[in-house]
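Pasted below: start-v7.txt, compact mmCIF, C-alpha atoms.
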# COMPACT_ATOMS: atom_id res chain seq x y z
CA MET C 1 -172.99 -60.18 154.35
CA ARG C 2 -175.22 -57.11 154.27
CA HIS C 3 -173.63 -53.67 154.05
CA PRO C 4 -174.14 -51.69 157.31
CA LEU C 5 -175.94 -48.93 155.41
CA SER C 6 -178.54 -51.35 154.06
CA ASN C 7 -179.91 -51.92 157.57
CA ARG C 8 -180.87 -48.25 157.80
CA LEU C 9 -182.14 -47.63 154.27
CA PRO C 10 -185.76 -48.64 155.13
CA LEU C 11 -185.82 -45.75 157.62
CA LEU C 12 -184.86 -43.34 154.83
CA LEU C 13 -187.77 -44.72 152.82
CA VAL C 14 -190.04 -44.04 155.80
CA LEU C 15 -188.70 -40.46 155.89
CA LEU C 16 -189.40 -40.13 152.18
CA ALA C 17 -192.98 -41.30 152.78
CA ILE C 18 -193.34 -38.76 155.61
CA THR C 19 -192.07 -36.05 153.26
CA ILE C 20 -194.60 -36.93 150.56
CA GLY C 21 -197.37 -37.05 153.17
CA SER C 22 -196.46 -33.64 154.62
CA LEU C 23 -196.33 -32.07 151.16
CA GLY C 24 -199.72 -33.55 150.27
CA LEU C 25 -201.26 -32.41 153.54
CA SER C 26 -199.96 -28.88 153.04
CA LEU C 27 -201.45 -28.72 149.54
CA ALA C 28 -204.79 -30.19 150.59
CA ILE C 29 -205.76 -28.19 153.67
CA GLY C 30 -206.24 -24.50 154.29
CA SER C 31 -209.05 -21.98 154.14
CA VAL C 32 -210.34 -24.17 151.29
CA ASP C 33 -209.90 -27.92 151.72
CA ILE C 34 -209.22 -30.02 148.62
CA ALA C 35 -209.95 -33.76 148.50
CA PRO C 36 -206.96 -36.07 147.77
CA GLY C 37 -208.38 -37.29 144.46
CA GLU C 38 -209.06 -33.77 143.23
CA LEU C 39 -205.64 -32.63 144.44
CA TRP C 40 -203.87 -35.35 142.45
CA ARG C 41 -205.87 -34.46 139.32
CA LEU C 42 -205.25 -30.72 139.64
CA LEU C 43 -201.52 -31.20 140.11
CA TRP C 44 -201.28 -32.39 136.52
CA ARG C 45 -204.21 -30.80 134.68
CA ASP C 46 -205.34 -27.21 134.42
CA ASP C 47 -209.12 -27.12 134.43
CA GLY C 48 -209.28 -23.36 134.92
CA SER C 49 -210.86 -23.72 138.35
CA THR C 50 -210.22 -21.66 141.46
CA HIS C 51 -208.84 -24.76 143.18
CA TYR C 52 -206.20 -25.12 140.45
CA ARG C 53 -205.07 -21.52 140.96
CA ILE C 54 -205.01 -21.96 144.74
CA ILE C 55 -202.75 -24.99 144.41
CA HIS C 56 -200.36 -23.74 141.74
CA GLU C 57 -200.20 -20.03 142.52
CA LEU C 58 -200.29 -20.12 146.32
CA ARG C 59 -199.90 -23.44 148.10
CA LEU C 60 -197.40 -25.30 145.90
CA PRO C 61 -194.78 -22.50 145.75
CA ARG C 62 -195.11 -21.84 149.49
CA THR C 63 -194.98 -25.54 150.38
CA LEU C 64 -191.88 -26.15 148.28
CA SER C 65 -190.24 -23.03 149.72
CA ALA C 66 -190.97 -24.26 153.25
CA PHE C 67 -189.49 -27.65 152.42
CA GLY C 68 -186.36 -26.05 150.98
CA VAL C 69 -185.85 -23.69 153.92
CA GLY C 70 -186.47 -26.47 156.47
CA GLY C 71 -184.01 -28.78 154.75
CA VAL C 72 -181.38 -26.03 154.60
CA LEU C 73 -181.77 -25.25 158.32
CA ALA C 74 -181.52 -28.94 159.23
CA LEU C 75 -178.33 -29.33 157.18
CA ALA C 76 -176.82 -26.24 158.83
CA GLY C 77 -177.68 -27.65 162.26
CA LEU C 78 -176.22 -31.05 161.40
CA LEU C 79 -172.95 -29.47 160.24
CA MET C 80 -172.65 -27.37 163.39
CA GLN C 81 -173.36 -30.36 165.60
CA ALA C 82 -170.68 -32.34 163.78
CA LEU C 83 -168.23 -29.45 164.09
CA LEU C 84 -168.86 -28.93 167.81
CA ARG C 85 -169.45 -32.62 168.53
CA ASN C 86 -172.46 -31.46 170.53
CA PRO C 87 -176.10 -32.36 169.68
CA LEU C 88 -177.34 -29.10 171.19
CA ALA C 89 -175.77 -26.93 168.47
CA ASP C 90 -178.14 -25.08 166.15
CA PRO C 91 -177.84 -21.91 164.01
CA TYR C 92 -180.56 -20.21 166.06
CA ILE C 93 -179.22 -21.16 169.51
CA LEU C 94 -175.61 -20.30 168.63
CA GLY C 95 -176.55 -16.84 167.38
CA VAL C 96 -175.71 -17.43 163.71
CA SER C 97 -179.31 -16.79 162.66
CA GLY C 98 -179.32 -13.71 164.89
CA GLY C 99 -176.24 -12.29 163.19
CA ALA C 100 -177.80 -12.82 159.77
CA ALA C 101 -181.07 -11.26 160.96
CA VAL C 102 -179.31 -8.14 162.29
CA ALA C 103 -177.60 -7.66 158.92
CA VAL C 104 -180.84 -8.08 156.95
CA LEU C 105 -182.81 -5.76 159.25
CA GLY C 106 -180.02 -3.21 158.89
CA ALA C 107 -180.35 -3.46 155.12
CA MET C 108 -184.11 -2.95 155.42
CA LEU C 109 -183.64 0.05 157.70
CA LEU C 110 -181.21 1.64 155.22
CA GLY C 111 -183.64 1.06 152.37
CA LEU C 112 -181.27 -1.15 150.41
CA PRO C 113 -182.75 -3.17 147.51
CA PHE C 114 -184.04 -6.70 148.16
CA ALA C 115 -181.05 -8.14 146.25
CA TRP C 116 -178.79 -6.99 149.08
CA GLN C 117 -180.50 -9.17 151.66
CA ALA C 118 -178.79 -12.46 150.78
CA PRO C 119 -175.18 -11.11 150.77
CA MET C 120 -175.88 -9.08 153.93
CA ALA C 121 -177.29 -12.19 155.62
CA PHE C 122 -174.20 -14.20 154.64
CA GLY C 123 -171.92 -11.49 156.00
CA GLY C 124 -173.86 -11.37 159.26
CA ALA C 125 -173.90 -15.15 159.64
CA LEU C 126 -170.19 -15.47 158.85
CA ALA C 127 -169.29 -12.64 161.22
CA SER C 128 -171.37 -14.28 163.94
CA ILE C 129 -169.76 -17.70 163.59
CA LEU C 130 -166.24 -16.20 163.47
CA LEU C 131 -167.03 -14.09 166.54
CA LEU C 132 -168.39 -17.17 168.29
CA PHE C 133 -165.21 -19.18 167.79
CA SER C 134 -162.88 -16.28 168.56
CA LEU C 135 -164.67 -15.60 171.86
CA ALA C 136 -164.78 -19.24 172.89
CA HIS C 137 -161.31 -20.19 171.70
CA ALA C 138 -158.72 -20.72 174.40
CA GLY C 139 -156.07 -23.19 173.38
CA ASN C 140 -158.09 -26.25 172.43
CA TRP C 141 -161.70 -25.08 172.32
CA ASP C 142 -164.32 -26.92 174.30
CA SER C 143 -167.74 -27.63 172.78
CA THR C 144 -169.60 -26.78 176.00
CA ARG C 145 -167.81 -23.41 176.17
CA LEU C 146 -168.75 -22.78 172.54
CA LEU C 147 -172.39 -23.60 173.23
CA LEU C 148 -172.60 -21.25 176.22
CA THR C 149 -170.79 -18.52 174.29
CA GLY C 150 -173.27 -18.98 171.44
CA VAL C 151 -176.24 -18.56 173.77
CA VAL C 152 -174.76 -15.32 175.12
CA LEU C 153 -173.97 -14.15 171.58
CA ALA C 154 -177.56 -14.87 170.53
CA ALA C 155 -178.75 -12.67 173.41
CA GLY C 156 -176.44 -9.90 172.19
CA TRP C 157 -177.82 -10.11 168.65
CA SER C 158 -181.33 -10.01 170.12
CA ALA C 159 -180.48 -6.73 171.83
CA LEU C 160 -179.16 -5.30 168.56
CA ILE C 161 -182.31 -6.45 166.79
CA SER C 162 -184.40 -4.57 169.35
CA PHE C 163 -182.22 -1.50 168.79
CA VAL C 164 -182.68 -1.65 165.00
CA LEU C 165 -186.43 -2.11 165.40
CA SER C 166 -186.61 0.89 167.73
CA LEU C 167 -185.06 3.03 164.99
CA SER C 168 -187.35 1.72 162.24
CA PRO C 169 -190.13 3.89 160.77
CA PRO C 170 -193.62 2.85 161.96
CA VAL C 171 -194.64 1.97 158.42
CA GLN C 172 -191.84 -0.62 158.16
CA LEU C 173 -192.12 -2.06 161.65
CA PRO C 174 -194.99 -4.59 161.24
CA GLY C 175 -193.41 -6.20 158.19
CA MET C 176 -189.99 -6.35 159.85
CA LEU C 177 -191.43 -7.91 163.00
CA PHE C 178 -193.41 -10.54 161.12
CA TRP C 179 -190.39 -11.41 158.96
CA LEU C 180 -188.17 -11.58 162.04
CA MET C 181 -190.42 -14.17 163.70
CA GLY C 182 -190.21 -16.41 160.63
CA ASP C 183 -192.57 -15.83 157.73
CA LEU C 184 -193.17 -17.83 154.56
CA SER C 185 -196.18 -15.87 153.27
CA ASP C 186 -194.04 -14.08 150.67
CA ALA C 187 -191.87 -17.10 149.83
CA LEU C 188 -193.61 -17.86 146.55
CA ASN C 189 -190.51 -18.57 144.46
CA PRO C 190 -189.23 -22.00 145.55
CA ALA C 191 -186.40 -22.11 143.01
CA LEU C 192 -183.86 -20.42 145.31
CA PRO C 193 -184.44 -22.45 148.52
CA LEU C 194 -184.59 -25.71 146.56
CA ALA C 195 -181.41 -24.83 144.66
CA VAL C 196 -179.62 -23.96 147.92
CA LEU C 197 -180.86 -27.21 149.47
CA GLY C 198 -179.64 -29.24 146.48
CA ALA C 199 -176.20 -27.62 146.50
CA GLY C 200 -175.90 -27.94 150.28
CA LEU C 201 -176.96 -31.56 150.14
CA LEU C 202 -174.30 -32.42 147.55
CA LEU C 203 -171.55 -30.63 149.47
CA ALA C 204 -172.59 -32.18 152.80
CA LEU C 205 -172.64 -35.66 151.24
CA TRP C 206 -169.14 -35.01 149.91
CA LEU C 207 -168.07 -34.09 153.46
CA ALA C 208 -169.85 -37.07 155.07
CA PRO C 209 -166.86 -39.51 155.13
CA ALA C 210 -164.61 -36.85 156.70
CA LEU C 211 -167.32 -35.99 159.23
CA ASN C 212 -167.56 -39.65 160.21
CA LEU C 213 -163.80 -39.78 160.79
CA ALA C 214 -163.90 -36.51 162.75
CA LEU C 215 -166.16 -38.24 165.27
CA LEU C 216 -163.12 -40.28 166.30
CA GLY C 217 -161.35 -37.14 167.51
CA ALA C 218 -159.11 -34.60 165.80
CA ALA C 219 -155.86 -36.50 166.32
CA ARG C 220 -157.23 -39.83 165.10
CA ALA C 221 -158.95 -38.22 162.12
CA ALA C 222 -155.76 -36.39 161.16
CA SER C 223 -153.82 -39.67 161.30
CA LEU C 224 -156.37 -41.11 158.86
CA GLY C 225 -155.81 -38.31 156.36
CA VAL C 226 -158.47 -35.74 157.31
CA ARG C 227 -157.25 -32.15 157.16
CA ILE C 228 -159.06 -30.99 160.26
CA ARG C 229 -158.40 -27.27 159.94
CA ARG C 230 -159.51 -27.22 156.31
CA LEU C 231 -162.60 -29.27 157.22
CA HIS C 232 -163.51 -26.82 159.99
CA ILE C 233 -163.12 -23.78 157.72
CA PHE C 234 -165.25 -25.42 155.04
CA ILE C 235 -167.96 -26.22 157.59
CA TYR C 236 -167.87 -22.61 158.90
CA LEU C 237 -168.45 -21.26 155.39
CA LEU C 238 -171.05 -23.83 154.35
CA ALA C 239 -173.06 -23.51 157.57
CA SER C 240 -172.95 -19.71 157.24
CA LEU C 241 -174.12 -19.82 153.62
CA LEU C 242 -176.97 -22.20 154.43
CA THR C 243 -178.11 -20.16 157.43
CA ALA C 244 -177.87 -16.91 155.48
CA ALA C 245 -179.97 -18.30 152.63
CA ALA C 246 -182.66 -19.51 155.02
CA VAL C 247 -182.77 -16.23 156.97
CA SER C 248 -182.88 -14.04 153.86
CA ILE C 249 -185.82 -16.07 152.50
CA ALA C 250 -187.92 -16.70 155.59
CA GLY C 251 -186.52 -14.81 158.57
CA ALA C 252 -185.13 -16.25 161.79
CA ILE C 253 -186.82 -19.63 162.15
CA GLY C 254 -185.42 -21.50 165.12
CA PHE C 255 -184.93 -25.06 166.32
CA ILE C 256 -185.42 -26.96 163.03
CA GLY C 257 -181.64 -27.38 162.95
CA LEU C 258 -181.76 -28.80 166.48
CA ILE C 259 -184.78 -31.08 166.28
CA ALA C 260 -184.26 -32.83 162.93
CA PRO C 261 -180.61 -33.99 163.33
CA HIS C 262 -181.17 -35.08 166.92
CA MET C 263 -184.26 -37.15 166.08
CA LEU C 264 -182.37 -38.78 163.22
CA ARG C 265 -179.40 -39.74 165.37
CA LEU C 266 -181.79 -41.66 167.59
CA MET C 267 -183.08 -43.56 164.55
CA LEU C 268 -180.11 -43.78 162.18
CA GLY C 269 -177.04 -43.61 164.40
CA SER C 270 -174.09 -41.33 163.68
CA ASP C 271 -173.27 -42.17 160.04
CA HIS C 272 -173.39 -38.87 158.16
CA ARG C 273 -173.93 -40.65 154.85
CA LEU C 274 -177.44 -41.31 156.15
CA LEU C 275 -177.83 -38.28 158.41
CA VAL C 276 -177.26 -35.79 155.59
CA PRO C 277 -180.12 -36.87 153.30
CA GLY C 278 -182.26 -37.77 156.31
CA SER C 279 -181.83 -34.30 157.80
CA ALA C 280 -182.83 -32.64 154.54
CA LEU C 281 -186.00 -34.75 154.33
CA LEU C 282 -187.02 -34.46 157.99
CA GLY C 283 -186.14 -30.78 158.36
CA GLY C 284 -188.10 -29.95 155.22
CA SER C 285 -191.08 -32.02 156.37
CA LEU C 286 -191.12 -30.46 159.85
CA LEU C 287 -191.17 -26.93 158.49
CA VAL C 288 -193.86 -27.80 155.94
CA LEU C 289 -196.05 -29.15 158.76
CA ALA C 290 -195.30 -26.12 160.97
CA ASP C 291 -196.15 -23.73 158.14
CA THR C 292 -199.35 -25.62 157.39
CA ALA C 293 -200.38 -25.20 161.03
CA ALA C 294 -199.32 -21.53 160.97
CA ARG C 295 -201.70 -20.70 158.11
CA THR C 296 -204.63 -22.87 159.21
CA LEU C 297 -204.89 -22.71 163.02
CA ILE C 298 -206.50 -19.26 163.10
CA ALA C 299 -207.40 -18.91 159.41
CA PRO C 300 -207.88 -16.58 157.64
CA MET C 301 -205.22 -14.96 159.87
CA GLN C 302 -201.72 -16.43 159.81
CA LEU C 303 -199.19 -17.04 162.56
CA PRO C 304 -195.43 -16.55 162.06
CA VAL C 305 -194.07 -20.05 161.53
CA GLY C 306 -191.10 -19.31 163.80
CA VAL C 307 -193.50 -19.00 166.73
CA LEU C 308 -194.66 -22.60 166.27
CA THR C 309 -191.16 -24.03 165.80
CA ALA C 310 -190.07 -22.25 168.99
CA LEU C 311 -193.08 -23.59 170.94
CA PHE C 312 -191.95 -27.12 170.12
CA GLY C 313 -188.21 -26.47 170.09
CA VAL C 314 -187.75 -24.71 173.43
CA PRO C 315 -189.09 -27.60 175.58
CA LEU C 316 -187.01 -30.07 173.58
CA PHE C 317 -183.87 -27.94 173.99
CA LEU C 318 -184.42 -27.70 177.75
CA PHE C 319 -184.93 -31.46 177.93
CA LEU C 320 -181.73 -32.17 175.99
CA LEU C 321 -179.83 -29.61 178.07
CA SER C 322 -180.97 -31.27 181.30
CA ARG C 323 -179.91 -34.69 180.00
CA ASP C 324 -176.54 -33.28 178.98
CA ALA C 325 -176.08 -31.68 182.42
CA ARG C 326 -176.82 -35.01 184.11
CA GLY C 327 -174.27 -36.72 181.89
CA GLY C 328 -176.88 -38.49 179.83
CA LYS C 329 -176.32 -39.19 176.20
CA ALA C 330 -178.27 -36.66 174.15

In structure tokens, how does this file's structure come out?
Amino acid sequence: MRHPLSNRLPLLLVLLAITIGSLGLSLAIGSVDIAPGELWRLLWRDDGSTHYRIIHELRLPRTLSAFGVGGVLALAGLLMQALLRNPLADPYILGVSGGAAVAVLGAMLLGLPFAWQAPMAFGGALASILLLFSLAHAGNWDSTRLLLTGVVLAAGWSALISFVLSLSPPVQLPGMLFWLMGDLSDALNPALPLAVLGAGLLLALWLAPALNLALLGAARAASLGVRIRRLHIFIYLLASLLTAAAVSIAGAIGFIGLIAPHMLRLMLGSDHRLLVPGSALLGGSLLVLADTAARTLIAPMQLPVGVLTALFGVPLFLFLLSRDARGGKA
């Protein structure tokens, strides 16, 4: 008898193929297009050409950074959706990204060194998620109440962001605005996002069996040995860390954490042992493709990648929200 997971493994292989294809496309196209054969050769051999420098000094670091950030955002979204038991949850929609962004912009305004951005982002994300649950909590919290509270909280962070920007010196304002909309043009050191993605992936895989049991309900999961309160606290911290890392690297990029996990649930079901690696692959691939479009659509000018993810994410969110309101299964 075949193991239930084996029926879904071919879909993970398809996701892996999509990932490789998106990475190759990102490396091949731009202001200078590079043929697939030449690209493969230049990945492994330095011939001193301009194309080699374009690939290794510009496109490869940015592409790998985009993949890492996208995977991190998708994992954060998956964890929040599992925690809330609501497929509409996402770090951007719930205001967690906004809290991290306010903290980072505050650090920029105060002239703090770049090294402060990551801890400030974590503090802002953690404060946002704690504020979210404290505002929505009333006895046994309801996921719909949490979602609506998160939307309102995100609007509040947006107002604070506008306030910080209004206080910013004119010389700082363009860079802050571009970063705020989601920007990977300066993300040329992929080691950090890939390391965060790897650590988050391992921790999320470790949580996957407990997350599967939590789908049965808190009482049933507790009877099966899951420490629900400890699981929730761990998810709060992990989702905050992942969101903070993504925001500090690339700004507030929205909807990757919504789109990737939801698409995967339609294909893979609700088993988190598959959803965790699948989310990392699909989220990374989606952001790589979005960033490729951001730097090529109006080349040599570049668009903020967060603009493109929002253009696709907002209609999808409204569609899922309408299905949820009608009682459909999102």

### Query
For Glu38 of chain C, which residue out of C:Ala74, C:Leu146, C:Leu268, C:Ile55 is the nearest one, using all atoms listed in the file?
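Checking each of C:Ala74, C:Leu146, C:Leu268, C:Ile55 against Glu38 of chain C, counting all atoms listed in the file, the winner is C:Ile55.
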
### Message
Need the shell around Gly150 of chain C: protein/DNA/RNA residues with any atom at most 12 Å away, counting only C-alpha atoms. Skip same-chain ones fewer than 3 positions apart. Format as a VMD selection string?
### Response
chain C and resid 80 84 88 to 99 128 to 136 143 to 147 153 to 157

## Note on the structure
With distances taken over only C-alpha atoms, the candidate from C:Ser162, C:Gln172, C:Asn189, C:Ser270 nearest Pro209 of chain C is C:Ser270

### Query
atom CA of Leu148 of chain C and atom CA of Asn86 of chain C are how many Å apart?
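According to the coordinates, atom CA of Leu148 of chain C and atom CA of Asn86 of chain C are separated by 11.7 Å.
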
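If you measure from each of C:Leu75, C:Ala222, C:Ala103, C:Leu308 to Arg295 of chain C using only C-alpha atoms, the closest one turns out to be C:Leu308.
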
### Message
So that I can see what lies close to Leu211 of chain C, please list as a list in words the residues with an atom at most 8 Å from it, counting all atoms listed in the file and leaving out residues fewer than 3 positions away in the same chain.
### Response
Ala82, Leu207, Ala208, Ala214, Leu215 and His272 of chain C
